[in-house]
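**Student:** I'm passing along coords.csv; it holds CSV, C-alpha atoms.
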```csv
chain,number,residue,atom,x,y,z
J,10,MET,CA,7.9,-8.9,-5.4
J,11,LYS,CA,11.4,-9.3,-3.9
J,12,ILE,CA,12.7,-5.8,-5.0
J,13,ASN,CA,11.2,-4.2,-1.9
J,14,GLN,CA,12.0,-6.9,0.7
J,15,ASN,CA,14.6,-4.7,2.4
J,16,THR,CA,13.0,-1.3,1.7
J,17,VAL,CA,11.6,1.2,4.2
J,18,LEU,CA,10.0,4.4,2.9
J,19,GLN,CA,9.6,6.8,5.8
J,20,GLY,CA,7.3,9.8,5.5
J,21,LYS,CA,5.7,12.3,7.9
J,22,LYS,CA,2.7,10.2,8.9
J,23,VAL,CA,3.4,6.8,7.5
J,24,ALA,CA,6.3,4.4,7.1
J,25,LEU,CA,6.0,1.7,4.4
J,26,VAL,CA,7.7,-1.6,5.3
J,27,PRO,CA,7.8,-5.0,3.4
J,28,TYR,CA,5.0,-7.4,4.2
J,29,THR,CA,6.5,-10.2,6.3
J,30,ALA,CA,5.2,-13.2,8.1
J,31,ALA,CA,5.3,-11.2,11.4
J,32,HIS,CA,2.5,-9.0,10.0
J,33,VAL,CA,0.2,-11.8,9.0
J,34,PRO,CA,-1.7,-12.3,12.4
J,35,ARG,CA,-2.7,-8.7,12.6
J,36,TYR,CA,-3.6,-8.6,8.9
J,37,HIS,CA,-5.7,-11.7,9.3
J,38,GLU,CA,-7.6,-10.0,12.2
J,39,TRP,CA,-8.3,-7.0,10.0
J,40,MET,CA,-9.7,-9.1,7.2
J,41,LYS,CA,-12.3,-10.7,9.4
J,42,SER,CA,-14.2,-7.4,9.1
J,43,GLU,CA,-17.2,-7.7,6.8
J,44,GLU,CA,-16.8,-4.0,6.0
J,45,LEU,CA,-13.2,-4.5,4.8
J,46,GLN,CA,-14.1,-7.6,2.9
J,47,ARG,CA,-16.8,-5.6,1.1
J,48,LEU,CA,-14.6,-2.5,0.4
J,49,THR,CA,-11.7,-4.6,-0.9
J,50,ALA,CA,-13.8,-7.3,-2.6
J,51,SER,CA,-12.0,-9.9,-0.6
J,52,GLU,CA,-13.0,-13.4,0.6
J,53,PRO,CA,-12.2,-14.4,4.2
J,54,LEU,CA,-9.2,-16.6,4.5
J,55,SER,CA,-7.9,-19.0,7.2
J,56,LEU,CA,-4.7,-18.0,9.0
J,57,GLU,CA,-2.7,-20.6,7.1
J,58,GLN,CA,-4.1,-19.3,3.8
J,59,GLU,CA,-3.2,-15.8,4.8
J,60,TYR,CA,0.4,-16.9,5.4
J,61,GLU,CA,0.4,-18.6,1.9
J,62,MET,CA,-0.9,-15.3,0.4
J,63,GLN,CA,1.9,-13.4,2.1
J,64,ARG,CA,4.5,-15.8,0.7
J,65,SER,CA,3.0,-15.5,-2.7
J,66,TRP,CA,3.0,-11.7,-2.7
J,67,ARG,CA,6.6,-11.7,-1.6
J,68,GLU,CA,7.7,-14.0,-4.4
J,69,ASP,CA,5.4,-13.0,-7.3
J,70,ALA,CA,7.0,-10.6,-9.8
J,71,ASP,CA,3.7,-8.9,-10.5
J,72,LYS,CA,2.8,-7.7,-7.0
J,73,CYS,CA,4.5,-5.1,-4.8
J,74,THR,CA,3.2,-4.8,-1.3
J,75,PHE,CA,4.0,-2.6,1.7
J,76,ILE,CA,2.5,-2.6,5.1
J,77,VAL,CA,1.5,0.9,6.3
J,78,LEU,CA,2.8,1.9,9.7
J,79,ASP,CA,2.1,4.9,11.9
J,80,THR,CA,5.6,6.6,11.7
J,81,GLU,CA,5.3,8.4,15.1
J,82,ARG,CA,4.2,5.2,17.0
J,83,TRP,CA,6.8,3.1,15.1
J,84,SER,CA,9.6,5.5,16.0
J,85,GLY,CA,8.6,5.5,19.6
J,86,GLN,CA,8.2,1.8,20.0
J,87,ALA,CA,11.6,0.7,18.9
J,88,GLY,CA,10.3,-0.6,15.6
J,89,MET,CA,7.7,-3.1,16.8
J,90,ASP,CA,5.8,-3.2,13.5
J,91,GLU,CA,2.8,-5.2,14.6
J,92,ASP,CA,1.7,-2.6,17.2
J,93,CYS,CA,1.9,0.2,14.6
J,94,MET,CA,0.2,-1.3,11.6
J,95,VAL,CA,-2.4,0.9,10.0
J,96,GLY,CA,-3.1,-0.8,6.6
J,97,ASP,CA,-1.4,-1.8,3.4
J,98,VAL,CA,-0.7,-0.4,-0.1
J,99,ASN,CA,-0.2,-2.5,-3.2
J,100,LEU,CA,0.9,-2.2,-6.9
J,101,PHE,CA,-0.2,-4.9,-9.3
J,102,LEU,CA,1.3,-5.3,-12.7
J,103,THR,CA,-1.9,-6.5,-14.4
J,104,ASP,CA,-0.9,-6.3,-18.1
J,105,PHE,CA,2.3,-8.2,-19.1
J,106,ASP,CA,2.0,-6.5,-22.5
J,107,ASP,CA,2.4,-3.1,-20.7
J,108,LEU,CA,4.7,-3.4,-17.7
J,109,ALA,CA,4.5,0.4,-17.3
J,110,LEU,CA,0.9,0.1,-16.1
J,111,GLY,CA,0.3,-0.5,-12.4
J,112,GLU,CA,-3.0,-1.0,-10.6
J,113,ILE,CA,-2.7,0.7,-7.2
J,114,GLU,CA,-4.9,0.1,-4.1
J,115,VAL,CA,-4.6,1.2,-0.5
J,116,MET,CA,-6.4,0.1,2.6
J,117,ILE,CA,-6.5,1.9,5.9
J,118,ALA,CA,-7.8,-0.9,8.1
J,119,GLU,CA,-7.7,0.9,11.4
J,120,PRO,CA,-10.8,3.1,11.6
J,121,CYS,CA,-9.2,5.7,13.9
J,122,TYR,CA,-6.7,6.5,11.1
J,123,ARG,CA,-9.2,7.1,8.3
J,124,GLY,CA,-9.8,10.7,7.1
J,125,ARG,CA,-6.4,11.9,8.6
J,126,GLY,CA,-4.2,11.8,5.5
J,127,PHE,CA,-2.6,8.4,6.1
J,128,GLY,CA,-4.0,6.9,3.0
J,129,LYS,CA,-3.1,9.9,0.9
J,130,GLU,CA,0.5,9.9,2.0
J,131,ALA,CA,0.8,6.1,1.6
J,132,THR,CA,-0.6,6.3,-1.9
J,133,LEU,CA,1.8,9.1,-2.9
J,134,MET,CA,4.7,7.2,-1.5
J,135,MET,CA,3.8,4.0,-3.4
J,136,MET,CA,3.3,6.0,-6.6
J,137,PHE,CA,6.8,7.6,-6.0
J,138,TYR,CA,8.2,4.1,-5.6
J,139,GLY,CA,6.4,2.8,-8.7
J,140,VAL,CA,7.7,5.6,-10.9
J,141,THR,CA,11.3,5.7,-9.6
J,142,LYS,CA,12.0,2.0,-9.0
J,143,LEU,CA,9.5,0.0,-11.1
J,144,GLY,CA,9.3,2.1,-14.2
J,145,ILE,CA,5.5,2.7,-13.8
J,146,THR,CA,4.2,5.5,-15.9
J,147,LYS,CA,0.4,4.8,-15.8
J,148,PHE,CA,-1.6,4.1,-12.7
J,149,GLU,CA,-5.1,2.7,-12.4
J,150,ALA,CA,-7.3,2.4,-9.3
J,151,LYS,CA,-10.5,0.2,-9.2
J,152,ILE,CA,-12.8,1.2,-6.4
J,153,GLY,CA,-16.2,0.2,-5.3
J,154,GLN,CA,-18.8,2.9,-6.1
J,155,GLU,CA,-19.9,3.0,-2.5
J,156,ASN,CA,-16.4,3.9,-1.3
J,157,LYS,CA,-16.8,7.7,-1.9
J,158,ALA,CA,-13.9,8.6,0.4
J,159,SER,CA,-11.4,6.6,-1.6
J,160,ILE,CA,-12.7,7.9,-4.9
J,161,SER,CA,-12.5,11.5,-3.7
J,162,MET,CA,-8.9,10.9,-2.4
J,163,PHE,CA,-7.7,9.5,-5.8
J,164,ARG,CA,-9.3,12.4,-7.6
J,165,LYS,CA,-7.4,14.8,-5.4
J,166,LEU,CA,-4.2,13.0,-6.5
J,167,HIS,CA,-5.1,13.9,-10.1
J,168,PHE,CA,-6.7,10.6,-11.1
J,169,LYS,CA,-9.5,10.8,-13.7
J,170,GLU,CA,-12.5,8.5,-13.9
J,171,VAL,CA,-12.2,6.5,-17.1
J,172,ALA,CA,-14.8,3.7,-16.7
J,173,VAL,CA,-17.8,2.5,-14.6
J,174,ASN,CA,-18.6,-1.2,-14.3
J,175,SER,CA,-22.3,-1.4,-13.3
J,176,ILE,CA,-22.1,-5.2,-12.9
J,177,PHE,CA,-19.3,-5.1,-10.3
J,178,GLU,CA,-20.4,-1.6,-9.1
J,179,GLU,CA,-16.8,-0.4,-9.6
J,180,VAL,CA,-15.2,2.8,-10.8
J,181,THR,CA,-11.9,2.8,-12.6
J,182,LEU,CA,-9.7,5.9,-12.3
J,183,ARG,CA,-6.5,6.5,-14.1
J,184,LEU,CA,-3.4,8.8,-14.0
J,185,ASP,CA,-0.8,9.0,-16.8
J,186,ALA,CA,2.5,10.1,-15.2
J,187,SER,CA,3.5,12.8,-17.6
J,188,GLU,CA,6.7,14.7,-16.9
J,189,GLN,CA,4.5,17.4,-15.3
J,190,GLU,CA,2.8,14.8,-13.1
J,191,LYS,CA,6.1,13.2,-12.2
J,192,HIS,CA,7.4,16.6,-11.1
J,193,TRP,CA,4.4,17.2,-9.0
J,194,LEU,CA,4.7,13.7,-7.5
J,195,LEU,CA,8.4,14.3,-6.6
J,196,GLU,CA,7.4,17.6,-5.0
J,197,GLN,CA,4.8,15.8,-2.9
J,198,THR,CA,7.2,13.1,-1.7
J,199,GLY,CA,10.4,15.2,-1.3
J,200,HIS,CA,10.4,14.5,2.4
J,201,VAL,CA,10.4,10.7,2.0
J,202,GLU,CA,13.5,8.8,3.2
J,203,GLU,CA,14.4,5.4,1.9
J,204,LYS,CA,16.1,3.2,4.4
J,205,SER,CA,17.2,-0.4,4.9
J,206,TYR,CA,14.6,-2.5,6.7
J,207,ARG,CA,17.2,-5.0,7.9
J,208,ASP,CA,19.4,-2.2,9.3
J,209,MET,CA,16.5,-0.6,11.1
J,210,LYS,CA,15.4,-3.8,12.7
J,211,GLN,CA,19.0,-4.5,13.9
J,212,GLN,CA,19.3,-1.0,15.3
J,213,ASN,CA,16.0,-1.4,17.2
J,214,LEU,CA,17.1,-4.8,18.6
J,215,ALA,CA,20.4,-3.2,19.7
J,216,SER,CA,18.6,-0.3,21.4
J,217,GLU,CA,16.3,-2.7,23.3
J,218,SER,CA,19.3,-4.6,24.7
```
Since I need it in another form, could you write the structure as structure tokens?

**Tutor:**
Amino acid sequence: MKINQNTVLQGKKVALVPYTAAHVPRYHEWMKSEELQRLTASEPLSLEQEYEMQRSWREDADKCTFIVLDTERWSGQAGMDEDCMVGDVNLFLTDFDDLALGEIEVMIAEPCYRGRGFGKEATLMMMFYGVTKLGITKFEAKIGQENKASISMFRKLHFKEVAVNSIFEEVTLRLDASEQEKHWLLEQTGHVEEKSYRDMKQQNLASES
């Protein structure tokens, strides 16, 4: 999705930046992990296939992807994204008859960042972006039954379990963004700053020279 190709969302713990070709090698290394393949229901790809996937996600109108960075490290390393990557967060428009419905998924790929609130903030920031920029009013999350931590996190974000698929061993959780939920979401993300990715990269290059 091109709408976010120049967007940075900067929070307290995480910064969300567009998924670019520069991020692909690190992402590719992550996805060699059998654990991540299992948790994300993904098949291993070659590096070239990973580049093709990145280009597809950038161009496709039904996918919005951000790379999750450690804000503190990113700020201290003059914006070298690849050294600060933590995971990714995605919104998929899965129903073209209902463009207000978005399927959300988050992956904290670096084990040392799990259980520390990075996934929660990244998810809240993506939901904020979905509501304010993409017109999303309903969110779904499909999570493997074994991924108890992720299920628990989404429940804390007011998602309710609506279905269990015993064949795929998957739980579907849903949140309808009522006015009350939108107000709560805006309260949770009031600290988030939206910035220009291009400007930040240029500023970082200037500071390095």

**Student:** Could you tell me how far CA of Asp69 in chain J sits from CA of Ser42 in chain J, in Å to one decimal place?

**Tutor:** 26.2 Å

**Student:** For a quick check of understanding, using only C-alpha atoms, which of J:Ile160, J:Met94, J:Leu143, J:Val201 has the smallest distance to Ile12 in chain J?

**Tutor:**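 That would be J:Leu143, the residue with the smallest distance to Ile12 in chain J.
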
**Student:** Between CA of Ala118 in chain J and CA of Trp39 in chain J, measure the distance and give it in Å to one decimal.

**Tutor:**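 So the two atoms, CA of Ala118 in chain J and CA of Trp39 in chain J, lie 6.4 Å apart.
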
**Student:** With all atoms listed in the file as the basis for distance, which of J:Met162, J:Ile176, J:Leu182, J:Leu133 is at the shortest distance from Gln197 in chain J?

**Tutor:**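 Closest to Gln197 in chain J of all the choices is J:Leu133.
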
**Student:** Env of Asp92 in chain J: 12 Å cut, atoms = all atoms listed in the file, seq-sep filter 6 positions within chain, self excluded. Answer as a count of residues only.

**Tutor:** 16

**Student:** Calculate how many Å separate CA of Ala158 in chain J from CA of Pro27 in chain J, rounding to one decimal.

**Tutor:**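 Value for the CA of Ala158 in chain J-CA of Pro27 in chain J distance: 25.8 Å.
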
**Student:** Report as CSV the residues of range 88-169 of chain J within 9 Å of range 16-20 of chain J, each with its shortest atom pair and distance in Å (one decimal), using all atoms listed in the file, ordered by chain and increasing residue number.

**Tutor:**
```
residue,atom,partner,partner_atom,distance
J:Glu130,CA,J:Gly20,CA,7.6
J:Ala131,CA,J:Gly20,CA,8.4
J:Met134,CA,J:Leu18,CA,7.4
J:Met135,CA,J:Leu18,CA,8.8
J:Tyr138,CA,J:Leu18,CA,8.7
```

**Student:** Print the selection's residues with C-alpha atoms to a file, as a PDB file, in the coordinates of the input.

**Tutor:**
```pdb
ATOM      1  CA  GLU J 130       0.500   9.900   2.000  1.00  0.00           C
ATOM      2  CA  ALA J 131       0.800   6.100   1.600  1.00  0.00           C
ATOM      3  CA  MET J 134       4.700   7.200  -1.500  1.00  0.00           C
ATOM      4  CA  MET J 135       3.800   4.000  -3.400  1.00  0.00           C
ATOM      5  CA  TYR J 138       8.200   4.100  -5.600  1.00  0.00           C
TER       6      TYR J 138
END
```

**Student:** Once N, CA, C and O atoms are restored for range 23-44 of chain J, what would the output be as an mmCIF file, in the frame of the given file?

**Tutor:**
```
data_model
loop_
_atom_site.group_PDB
_atom_site.id
_atom_site.type_symbol
_atom_site.label_atom_id
_atom_site.label_comp_id
_atom_site.auth_asym_id
_atom_site.auth_seq_id
_atom_site.Cartn_x
_atom_site.Cartn_y
_atom_site.Cartn_z
ATOM 1 N N VAL J 23 3.332 8.229 7.711
ATOM 2 C CA VAL J 23 3.400 6.800 7.500
ATOM 3 C C VAL J 23 4.802 6.323 7.190
ATOM 4 O O VAL J 23 5.610 7.083 6.641
ATOM 5 N N ALA J 24 5.081 5.085 7.537
ATOM 6 C CA ALA J 24 6.300 4.400 7.100
ATOM 7 C C ALA J 24 5.763 3.150 6.321
ATOM 8 O O ALA J 24 4.846 2.474 6.780
ATOM 9 N N LEU J 25 6.348 2.883 5.181
ATOM 10 C CA LEU J 25 6.000 1.700 4.400
ATOM 11 C C LEU J 25 7.122 0.676 4.597
ATOM 12 O O LEU J 25 8.300 0.977 4.373
ATOM 13 N N VAL J 26 6.735 -0.537 5.028
ATOM 14 C CA VAL J 26 7.700 -1.600 5.300
ATOM 15 C C VAL J 26 7.268 -2.848 4.494
ATOM 16 O O VAL J 26 6.088 -3.012 4.179
ATOM 17 N N PRO J 27 8.195 -3.761 4.180
ATOM 18 C CA PRO J 27 7.800 -5.000 3.400
ATOM 19 C C PRO J 27 6.828 -5.820 4.265
ATOM 20 O O PRO J 27 6.890 -5.847 5.502
ATOM 21 N N TYR J 28 5.948 -6.510 3.564
ATOM 22 C CA TYR J 28 5.000 -7.400 4.200
ATOM 23 C C TYR J 28 5.658 -8.705 4.541
ATOM 24 O O TYR J 28 6.038 -9.469 3.651
ATOM 25 N N THR J 29 5.846 -8.977 5.831
ATOM 26 C CA THR J 29 6.500 -10.200 6.300
ATOM 27 C C THR J 29 5.559 -11.080 7.047
ATOM 28 O O THR J 29 4.440 -10.681 7.380
ATOM 29 N N ALA J 30 6.030 -12.280 7.366
ATOM 30 C CA ALA J 30 5.200 -13.200 8.100
ATOM 31 C C ALA J 30 4.786 -12.668 9.470
ATOM 32 O O ALA J 30 3.718 -13.001 9.983
ATOM 33 N N ALA J 31 5.620 -11.802 10.050
ATOM 34 C CA ALA J 31 5.300 -11.200 11.400
ATOM 35 C C ALA J 31 4.048 -10.350 11.328
ATOM 36 O O ALA J 31 3.388 -10.152 12.354
ATOM 37 N N HIS J 32 3.701 -9.835 10.144
ATOM 38 C CA HIS J 32 2.500 -9.000 10.000
ATOM 39 C C HIS J 32 1.237 -9.729 9.794
ATOM 40 O O HIS J 32 0.154 -9.150 9.908
ATOM 41 N N VAL J 33 1.338 -11.013 9.474
ATOM 42 C CA VAL J 33 0.200 -11.800 9.000
ATOM 43 C C VAL J 33 -0.927 -11.882 10.102
ATOM 44 O O VAL J 33 -2.110 -11.682 9.776
ATOM 45 N N PRO J 34 -0.615 -12.195 11.378
ATOM 46 C CA PRO J 34 -1.700 -12.300 12.400
ATOM 47 C C PRO J 34 -2.567 -11.069 12.473
ATOM 48 O O PRO J 34 -3.807 -11.168 12.516
ATOM 49 N N ARG J 35 -1.941 -9.902 12.502
ATOM 50 C CA ARG J 35 -2.700 -8.700 12.600
ATOM 51 C C ARG J 35 -3.524 -8.428 11.310
ATOM 52 O O ARG J 35 -4.691 -8.040 11.362
ATOM 53 N N TYR J 36 -2.914 -8.701 10.176
ATOM 54 C CA TYR J 36 -3.600 -8.600 8.900
ATOM 55 C C TYR J 36 -4.811 -9.492 8.846
ATOM 56 O O TYR J 36 -5.891 -9.106 8.381
ATOM 57 N N HIS J 37 -4.618 -10.694 9.331
ATOM 58 C CA HIS J 37 -5.700 -11.700 9.300
ATOM 59 C C HIS J 37 -6.874 -11.200 10.195
ATOM 60 O O HIS J 37 -8.048 -11.382 9.811
ATOM 61 N N GLU J 38 -6.582 -10.583 11.320
ATOM 62 C CA GLU J 38 -7.600 -10.000 12.200
ATOM 63 C C GLU J 38 -8.401 -8.936 11.448
ATOM 64 O O GLU J 38 -9.630 -8.858 11.524
ATOM 65 N N TRP J 39 -7.683 -8.079 10.750
ATOM 66 C CA TRP J 39 -8.300 -7.000 10.000
ATOM 67 C C TRP J 39 -9.345 -7.612 8.985
ATOM 68 O O TRP J 39 -10.471 -7.125 8.870
ATOM 69 N N MET J 40 -8.903 -8.641 8.277
ATOM 70 C CA MET J 40 -9.700 -9.100 7.200
ATOM 71 C C MET J 40 -10.873 -10.004 7.603
ATOM 72 O O MET J 40 -11.620 -10.514 6.778
ATOM 73 N N LYS J 41 -11.080 -10.135 8.907
ATOM 74 C CA LYS J 41 -12.300 -10.700 9.400
ATOM 75 C C LYS J 41 -13.473 -9.749 9.347
ATOM 76 O O LYS J 41 -14.636 -10.139 9.470
ATOM 77 N N SER J 42 -13.153 -8.476 9.165
ATOM 78 C CA SER J 42 -14.200 -7.400 9.100
ATOM 79 C C SER J 42 -14.982 -7.522 7.829
ATOM 80 O O SER J 42 -14.425 -7.494 6.723
ATOM 81 N N GLU J 43 -16.292 -7.621 7.973
ATOM 82 C CA GLU J 43 -17.200 -7.700 6.800
ATOM 83 C C GLU J 43 -17.059 -6.384 5.983
ATOM 84 O O GLU J 43 -17.152 -6.401 4.755
ATOM 85 N N GLU J 44 -16.889 -5.265 6.677
ATOM 86 C CA GLU J 44 -16.800 -4.000 6.000
ATOM 87 C C GLU J 44 -15.521 -3.982 5.076
ATOM 88 O O GLU J 44 -15.596 -3.599 3.901
#
```
